[in-house]
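Peer 1: Handing you a structure now.
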Amino acid sequence: MDYSRTVKAAAVQLSPVLYSCEGTTNKVLQAIENAATERVELIVFPETFIPYYPYFSFIQPPVLTGKEHLRLYKEAVKVPSPVTEAVSKAAKAHSMVVVLGINERDGGSLYNSQLIFDADGTLLLKRRKITPTYHERMIWGQGDGSGLKVLDTAVGKLGALACWEHYNPLARYSLMAQYEQIHCAQFPGSMVGQIFAEQTEVTVRHHALEAGCFVVNSTGWLTPEQVAEICPDEKLQKVLTGGCYTTIISPEGVPLCEPITEGEGMAIAELDFSLITKRKRMMDAIGHYARPDLLQLQLDTDKRTVLHQNDIHLFRVTEQNYSTNGSNSNNDGASVDSEKVTSDQSLNIEH
């Protein structure tokens with residue numbers, strides 16, 4: 001691993017185009033283009049940014065969310081699709097690693113998914129939030145351990161988690177143990193008020209310190225007009241404000257740029273990888289400060305499916321002419337051909 005390089009990264013804070021996958025995708029593509037003019041090599045977008053985070057589920061009781069849930073189904077992203085193809089082309093055109101949050105539709109279910117595109121446009125990973133939080137459980141299905149991966153990318157070893165996955169210390173440690181150099185964090189923003197922004201700051205700064213890695217954190221943002229559109233009840237509108245904290249944190253837990261707490265913007269910083277060594281010299285949670293003789297993490301990385309069929313092995317039975325000496329024949333006058341026919345009929349339906 002190279003600890004002598006420097007990478008230019010950007011965390012984006014944007015408002016979505018509500019109820020429009022196409023509109024929000026265009027904002028993503030424009031942001032990538034804008035970042036390219038700043039020579040950005042890594043760009044991170046907010047949680048489930050395309051088409052938009054399901055803010056409605058936080059203010060409406062489940063019995064009333066059917067209409068909005070179905071509207072989200074209509075605009076959700078399939079993988080692959082024209083949306084992923086457009087982002088892939090933009091990543092390749094600008095030699096930029098892109099970390100994008102989407103509402104993924106797979107059959108009859110939606111998932112909170114993170115897509116990681118390498119600088120050549122390759123979609124390296126599609127991972128799903130392992131446990132949707134609170135109200136989100138009425139909207140999304142669960143992910144599995146197959147997405148808890150640190151990837152070798154054009155900007156280094158990169159991992160990602162969404163929102164309150166950061167409150168699962170074992171999920172974070174699973175990435176740390178894979179030598180994560182850059183951690184990409186995504187939050188919805190515009191929720192709960194200032195306390196959510198403060199909690200987000202504590203969360204991402206702690207991970208940077210504990211992991212000895214950079215954290216590029218992106219949160220979404222709603223305009224006042226969008227808040228009113230989502231929530232006509234003025235008494236509830238305050239719960240869809242605040243909660244924004246878009247910035248980049250060093251391995252020493254220090255913000256490398258001014259955090260964005262309101263409005264749209266792009267937090268940009270240079271990531272000097274020598275700071276990783278500087279931090280880990282003092283505290284390496286997966287090396288000299290670890291005690292694997294006492295504490296270990298077991299990670300199941302299998303992709304979970306609802307149906308699994310074992311391989312079926314068929315043998316080709318050929319009819320043989322009876323011969324006087326019975327060669328190549330069984331007692332019934334037929335023989336088993338030496339050619340074994342293998343049929344792998346595993347059917348994987350994603351959960």
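Lettering and numbering for the structure tokens are positional, with chains as A, B, ... in the shown order, residues counted from 1 in each chain, and ligands counted from 1 in the shown order.
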Please report, as a PyMOL selection string, each residue of range 241-302 of chain A to which DSSP assigns alpha helix (DSSP H) when run on this structure's backbone.
Peer 2: chain A and resi 274-282
Peer 1: Neighbours of range 80-86 of chain A within 9 Å (only C-alpha atoms; same-chain residues fewer than 4 positions away dropped), as JSON, numbers by chain?
Peer 2: {"A": [21, 22, 25, 29, 90, 91, 115, 121, 123]}
Peer 1: Those residues you just picked out, can you put them in a file as a PDB file, in the first residue's frame with N, CA, C and O atoms?
Peer 2:
```pdb
ATOM      1  N   CYS A  21     -36.061  10.887 -10.732  1.00  0.00           N
ATOM      2  CA  CYS A  21     -34.788  10.190 -10.864  1.00  0.00           C
ATOM      3  C   CYS A  21     -33.913  10.882 -11.904  1.00  0.00           C
ATOM      4  O   CYS A  21     -32.718  11.111 -11.680  1.00  0.00           O
ATOM      5  N   GLU A  22     -34.509  11.256 -12.999  1.00  0.00           N
ATOM      6  CA  GLU A  22     -33.764  11.910 -14.076  1.00  0.00           C
ATOM      7  C   GLU A  22     -33.201  13.250 -13.613  1.00  0.00           C
ATOM      8  O   GLU A  22     -32.032  13.570 -13.862  1.00  0.00           O
ATOM      9  N   THR A  25     -30.366  12.707 -11.104  1.00  0.00           N
ATOM     10  CA  THR A  25     -29.203  12.161 -11.808  1.00  0.00           C
ATOM     11  C   THR A  25     -28.457  13.257 -12.546  1.00  0.00           C
ATOM     12  O   THR A  25     -27.215  13.298 -12.544  1.00  0.00           O
ATOM     13  N   LEU A  29     -24.456  14.331 -12.288  1.00  0.00           N
ATOM     14  CA  LEU A  29     -23.540  14.455 -13.418  1.00  0.00           C
ATOM     15  C   LEU A  29     -22.925  15.851 -13.484  1.00  0.00           C
ATOM     16  O   LEU A  29     -21.734  16.010 -13.793  1.00  0.00           O
ATOM     17  N   ALA A  90     -19.435   9.222 -16.790  1.00  0.00           N
ATOM     18  CA  ALA A  90     -18.909  10.464 -16.219  1.00  0.00           C
ATOM     19  C   ALA A  90     -17.651  10.189 -15.407  1.00  0.00           C
ATOM     20  O   ALA A  90     -16.670  10.949 -15.464  1.00  0.00           O
ATOM     21  N   ALA A  91     -17.662   9.105 -14.629  1.00  0.00           N
ATOM     22  CA  ALA A  91     -16.480   8.740 -13.846  1.00  0.00           C
ATOM     23  C   ALA A  91     -15.281   8.497 -14.760  1.00  0.00           C
ATOM     24  O   ALA A  91     -14.169   8.973 -14.495  1.00  0.00           O
ATOM     25  N   LEU A 115     -23.139   2.720  -4.369  1.00  0.00           N
ATOM     26  CA  LEU A 115     -22.428   2.305  -5.571  1.00  0.00           C
ATOM     27  C   LEU A 115     -21.042   2.947  -5.579  1.00  0.00           C
ATOM     28  O   LEU A 115     -20.914   4.150  -5.327  1.00  0.00           O
ATOM     29  N   GLY A 121     -14.517   3.944 -14.693  1.00  0.00           N
ATOM     30  CA  GLY A 121     -15.947   3.769 -14.916  1.00  0.00           C
ATOM     31  C   GLY A 121     -16.496   2.435 -14.456  1.00  0.00           C
ATOM     32  O   GLY A 121     -17.717   2.221 -14.477  1.00  0.00           O
ATOM     33  N   LEU A 123     -18.035  -0.330 -12.232  1.00  0.00           N
ATOM     34  CA  LEU A 123     -18.795  -0.415 -10.991  1.00  0.00           C
ATOM     35  C   LEU A 123     -18.172  -1.521 -10.150  1.00  0.00           C
ATOM     36  O   LEU A 123     -18.386  -2.706 -10.388  1.00  0.00           O
TER      37      LEU A 123
END
```
Peer 1: Which residues are near range 142-145 of chain A? Cut-off 8 Å, only C-alpha atoms, ignore same chain within fewer than 3 positions. Put them as a compact mmCIF listing (two decimals) with all heavy atoms, in the first residue's frame.
Peer 2:
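And here is the file that came out, part.txt:
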```txt
# COMPACT_ATOMS: atom_id res chain seq x y z
N TYR A 111 -33.91 -1.01 -1.67
CA TYR A 111 -32.77 -1.11 -0.77
C TYR A 111 -32.01 0.22 -0.73
O TYR A 111 -31.97 0.94 -1.73
CB TYR A 111 -31.80 -2.22 -1.23
CG TYR A 111 -32.42 -3.59 -1.24
CD1 TYR A 111 -33.08 -4.07 -2.38
CD2 TYR A 111 -32.39 -4.40 -0.10
CE1 TYR A 111 -33.67 -5.33 -2.39
CE2 TYR A 111 -32.97 -5.66 -0.11
CZ TYR A 111 -33.61 -6.11 -1.25
OH TYR A 111 -34.21 -7.36 -1.26
N ARG A 127 -23.32 -2.20 -2.59
CA ARG A 127 -23.58 -2.74 -1.26
C ARG A 127 -24.87 -2.14 -0.71
O ARG A 127 -25.28 -1.04 -1.09
CB ARG A 127 -22.42 -2.48 -0.30
CG ARG A 127 -22.22 -1.02 0.10
CD ARG A 127 -21.28 -0.91 1.30
NE ARG A 127 -21.75 -1.67 2.44
CZ ARG A 127 -22.56 -1.18 3.38
NH1 ARG A 127 -22.99 0.07 3.32
NH2 ARG A 127 -22.95 -1.93 4.39
N ARG A 128 -25.51 -2.92 0.18
CA ARG A 128 -26.79 -2.50 0.75
C ARG A 128 -26.66 -2.29 2.25
O ARG A 128 -25.98 -3.08 2.93
CB ARG A 128 -27.86 -3.55 0.47
CG ARG A 128 -28.20 -3.68 -1.01
CD ARG A 128 -29.03 -4.92 -1.30
NE ARG A 128 -29.47 -4.94 -2.70
CZ ARG A 128 -30.11 -5.96 -3.26
NH1 ARG A 128 -30.36 -7.06 -2.55
NH2 ARG A 128 -30.48 -5.90 -4.52
N LYS A 129 -27.27 -1.25 2.75
CA LYS A 129 -27.26 -0.97 4.18
C LYS A 129 -27.73 -2.21 4.93
O LYS A 129 -28.79 -2.76 4.65
CB LYS A 129 -28.18 0.22 4.47
CG LYS A 129 -28.11 0.75 5.89
CD LYS A 129 -28.94 2.03 6.02
CE LYS A 129 -28.82 2.64 7.40
NZ LYS A 129 -29.59 3.92 7.51
N ILE A 130 -26.93 -2.65 5.91
CA ILE A 130 -27.21 -3.95 6.51
C ILE A 130 -28.46 -3.92 7.39
O ILE A 130 -29.18 -4.92 7.49
CB ILE A 130 -26.00 -4.48 7.30
CG1 ILE A 130 -25.52 -3.47 8.33
CG2 ILE A 130 -24.88 -4.84 6.34
CD1 ILE A 130 -24.37 -4.00 9.19
N THR A 131 -28.72 -2.78 8.03
CA THR A 131 -29.94 -2.65 8.84
C THR A 131 -30.53 -1.26 8.67
O THR A 131 -29.98 -0.28 9.20
CB THR A 131 -29.66 -2.89 10.34
OG1 THR A 131 -29.05 -4.17 10.52
CG2 THR A 131 -30.94 -2.83 11.15
N PRO A 132 -31.63 -1.12 7.94
CA PRO A 132 -32.29 0.17 7.87
C PRO A 132 -32.67 0.65 9.28
O PRO A 132 -32.98 -0.16 10.16
CB PRO A 132 -33.52 -0.10 7.01
CG PRO A 132 -33.13 -1.28 6.18
CD PRO A 132 -32.27 -2.13 7.08
N LEU A 148 -19.57 -5.62 2.83
CA LEU A 148 -18.62 -5.03 3.79
C LEU A 148 -17.21 -5.28 3.28
O LEU A 148 -16.48 -6.13 3.77
CB LEU A 148 -18.83 -5.62 5.18
CG LEU A 148 -20.15 -5.21 5.86
CD1 LEU A 148 -20.35 -5.98 7.15
CD2 LEU A 148 -20.18 -3.70 6.12
N LEU A 299 -16.58 -12.33 10.39
CA LEU A 299 -17.40 -11.67 9.38
C LEU A 299 -17.89 -12.69 8.35
O LEU A 299 -17.10 -13.41 7.75
CB LEU A 299 -16.60 -10.57 8.68
CG LEU A 299 -17.26 -9.88 7.49
CD1 LEU A 299 -18.53 -9.15 7.91
CD2 LEU A 299 -16.28 -8.91 6.82
N ASP A 300 -19.20 -12.74 8.16
CA ASP A 300 -19.80 -13.61 7.15
C ASP A 300 -20.01 -12.78 5.89
O ASP A 300 -20.86 -11.90 5.85
CB ASP A 300 -21.15 -14.15 7.66
CG ASP A 300 -21.80 -15.12 6.68
OD1 ASP A 300 -21.30 -15.26 5.54
OD2 ASP A 300 -22.81 -15.73 7.05
N THR A 301 -19.24 -13.05 4.86
CA THR A 301 -19.31 -12.28 3.62
C THR A 301 -20.13 -12.96 2.54
O THR A 301 -20.13 -12.53 1.39
CB THR A 301 -17.90 -12.00 3.08
OG1 THR A 301 -17.24 -13.24 2.84
CG2 THR A 301 -17.10 -11.16 4.07
N ASP A 302 -20.85 -14.03 2.89
CA ASP A 302 -21.68 -14.71 1.90
C ASP A 302 -22.82 -13.81 1.44
O ASP A 302 -23.41 -13.08 2.24
CB ASP A 302 -22.27 -16.00 2.49
CG ASP A 302 -21.24 -17.10 2.61
OD1 ASP A 302 -20.15 -16.96 2.03
OD2 ASP A 302 -21.53 -18.11 3.29
N LYS A 303 -23.13 -13.92 0.17
CA LYS A 303 -24.29 -13.22 -0.38
C LYS A 303 -25.53 -14.04 -0.08
O LYS A 303 -25.64 -15.19 -0.49
CB LYS A 303 -24.12 -13.03 -1.89
CG LYS A 303 -25.18 -12.15 -2.53
CD LYS A 303 -24.86 -11.97 -4.00
CE LYS A 303 -25.87 -11.06 -4.67
NZ LYS A 303 -25.83 -9.70 -4.13
N ARG A 304 -26.46 -13.47 0.67
CA ARG A 304 -27.64 -14.21 1.11
C ARG A 304 -28.72 -14.20 0.05
O ARG A 304 -29.03 -13.16 -0.54
CB ARG A 304 -28.17 -13.61 2.41
CG ARG A 304 -27.21 -13.73 3.57
CD ARG A 304 -26.89 -15.18 3.87
NE ARG A 304 -25.93 -15.33 4.95
CZ ARG A 304 -25.46 -16.49 5.37
NH1 ARG A 304 -25.85 -17.60 4.79
NH2 ARG A 304 -24.59 -16.55 6.36
N HIS A 351 -31.91 -11.17 -1.74
CA HIS A 351 -32.76 -10.90 -0.57
C HIS A 351 -32.66 -9.43 -0.20
O HIS A 351 -31.58 -8.89 -0.13
CB HIS A 351 -32.27 -11.78 0.58
CG HIS A 351 -32.76 -11.39 1.91
ND1 HIS A 351 -34.06 -11.02 2.14
CD2 HIS A 351 -32.11 -11.31 3.09
CE1 HIS A 351 -34.20 -10.74 3.42
NE2 HIS A 351 -33.02 -10.90 4.01
```
Peer 1: A:Thr48, A:Leu70, A:Leu42, A:Ser113: which is nearest Lys92 in chain A, counting only C-alpha atoms?
Peer 2: A:Leu42
Peer 1: With distances taken over only C-alpha atoms, which residue among A:Ala211, A:Leu240, A:Ile276, A:Leu124 lies nearest Thr223 in chain A?
Peer 2: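 For Thr223 in chain A, the nearest of the given residues is A:Leu240.
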Peer 1: So how many Å separate CA of Gly159 in chain A and CA of His183 in chain A, to one decimal?
Peer 2: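 Between these atoms lies a distance of 5.0 Å.
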Peer 1: Any idea what's packed within 9 Å of His69 in chain A, counting only C-alpha atoms, ignoring anything in its chain fewer than 5 positions away? Could you give it as a ChimeraX atom specification?
Peer 2: /A:54,56-57,74,139
Peer 1: Smallest atom-to-atom distance to Val98 in chain A: which of A:Val17, A:Met266, A:Val40, A:Leu256, using only C-alpha atoms?
Peer 2: A:Val40
Peer 1: Any idea what's packed within 12 Å of Tyr73 in chain A, counting only C-alpha atoms, ignoring anything in its chain fewer than 2 positions away? Could you give it as a list of chain:residue names?
Peer 2: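 Answer for this query is A:Tyr19, A:Ser20, A:Cys21, A:Ile50, A:Pro51, A:Tyr52, A:Pro54, A:Gly66, A:Lys67, A:Glu68, A:His69, A:Leu70, A:Arg71, A:Glu75, A:Ala76, A:Val77, A:Lys78, A:Ile102, A:Asn103, A:Glu104, A:Arg105, A:Asp106, A:Gly107, A:Gly108, A:Ser109, A:Leu110, A:Tyr111, A:Ile139, A:Trp140.
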Peer 1: Go through A:Glu210, A:Glu270, A:Glu234, A:Glu258 one by one, measure the shortest atom-to-atom distance of each to Ala285 in chain A using only C-alpha atoms, and give the residue with the smallest value.
Peer 2: A:Glu210
Peer 1: From range 121-181 of chain A, collect each residue whose DSSP state is strand (DSSP E) and return the set as number ranges by chain.
Peer 2: A: 123-128, 151-153, 156-162
Peer 1: Would you save the residues from that selection as a compact mmCIF listing (two decimals), in the first residue's frame, using C-alpha atoms?
Peer 2:
```txt
# COMPACT_ATOMS: atom_id res chain seq x y z
CA LEU A 123 -18.80 -0.42 -10.99
CA LEU A 124 -16.66 -2.08 -8.33
CA LEU A 125 -19.31 -2.57 -5.68
CA LYS A 126 -23.01 -2.37 -4.99
CA ARG A 127 -23.58 -2.74 -1.26
CA ARG A 128 -26.79 -2.50 0.75
CA LEU A 151 -11.76 -1.92 -2.43
CA ASP A 152 -8.53 -1.26 -4.26
CA THR A 153 -9.37 1.85 -6.26
CA GLY A 156 -6.37 3.87 -2.60
CA LYS A 157 -8.12 1.37 -0.35
CA LEU A 158 -11.68 2.63 0.03
CA GLY A 159 -14.69 1.56 2.11
CA ALA A 160 -18.17 2.95 2.72
CA LEU A 161 -21.05 2.87 5.20
CA ALA A 162 -24.37 4.68 5.33
```
Peer 1: Ranking A:Tyr245, A:Met138, A:Lys280, A:Ala269 by minimum distance to Arg39 in chain A and counting only C-alpha atoms, which one comes first?
Peer 2: A:Ala269
Peer 1: For Thr305 in chain A, which residue out of A:Arg137, A:Ser146, A:Val97, A:Ala31 is the nearest one, using only C-alpha atoms?
Peer 2: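 Ranking A:Arg137, A:Ser146, A:Val97, A:Ala31 by distance to Thr305 in chain A, first place goes to A:Ser146.
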Peer 1: Excluding Leu175 in chain A and its own-chain neighbours fewer than 4 positions away, which residues fall within 8 Å of it when counting only C-alpha atoms? Please give them as a list in words.
Peer 2: Leu148, Lys149, Val150, Gly159, Ala171, Tyr179 and Glu180 of chain A
Peer 1: Write the residues of the preceding selection, restricted to C-alpha atoms, as a short mmCIF file (atom, residue, chain, number, x, y, z; two decimals), in the first residue's frame.
Peer 2:
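After the write, out.cif holds the following:
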```cif
data_model
loop_
_atom_site.label_atom_id
_atom_site.label_comp_id
_atom_site.auth_asym_id
_atom_site.auth_seq_id
_atom_site.Cartn_x
_atom_site.Cartn_y
_atom_site.Cartn_z
CA LEU A 148 -18.62 -5.03 3.79
CA LYS A 149 -15.57 -4.70 1.57
CA VAL A 150 -12.60 -2.39 1.23
CA GLY A 159 -14.69 1.56 2.11
CA ALA A 171 -19.32 -3.06 10.80
CA TYR A 179 -6.70 -1.62 5.83
CA GLU A 180 -9.18 1.09 4.89
#
```
Peer 1: Quick one: everything within 7 Å of range 261-265 of chain A, counting only C-alpha atoms, minus sequence neighbours fewer than 5 positions away in the same chain. Send it as an NGL selection string.
Peer 2: :A and (12-15 or 221 or 244-246)
Peer 1: One decimal, Å: what's the distance from CA of His94 in chain A over to CA of Val28 in chain A, could you say?
Peer 2: 13.4 Å
Peer 1: Find the distance between CA of Phe117 in chain A and CA of Gly147 in chain A and write it in Å to one decimal.
Peer 2: 14.1 Å
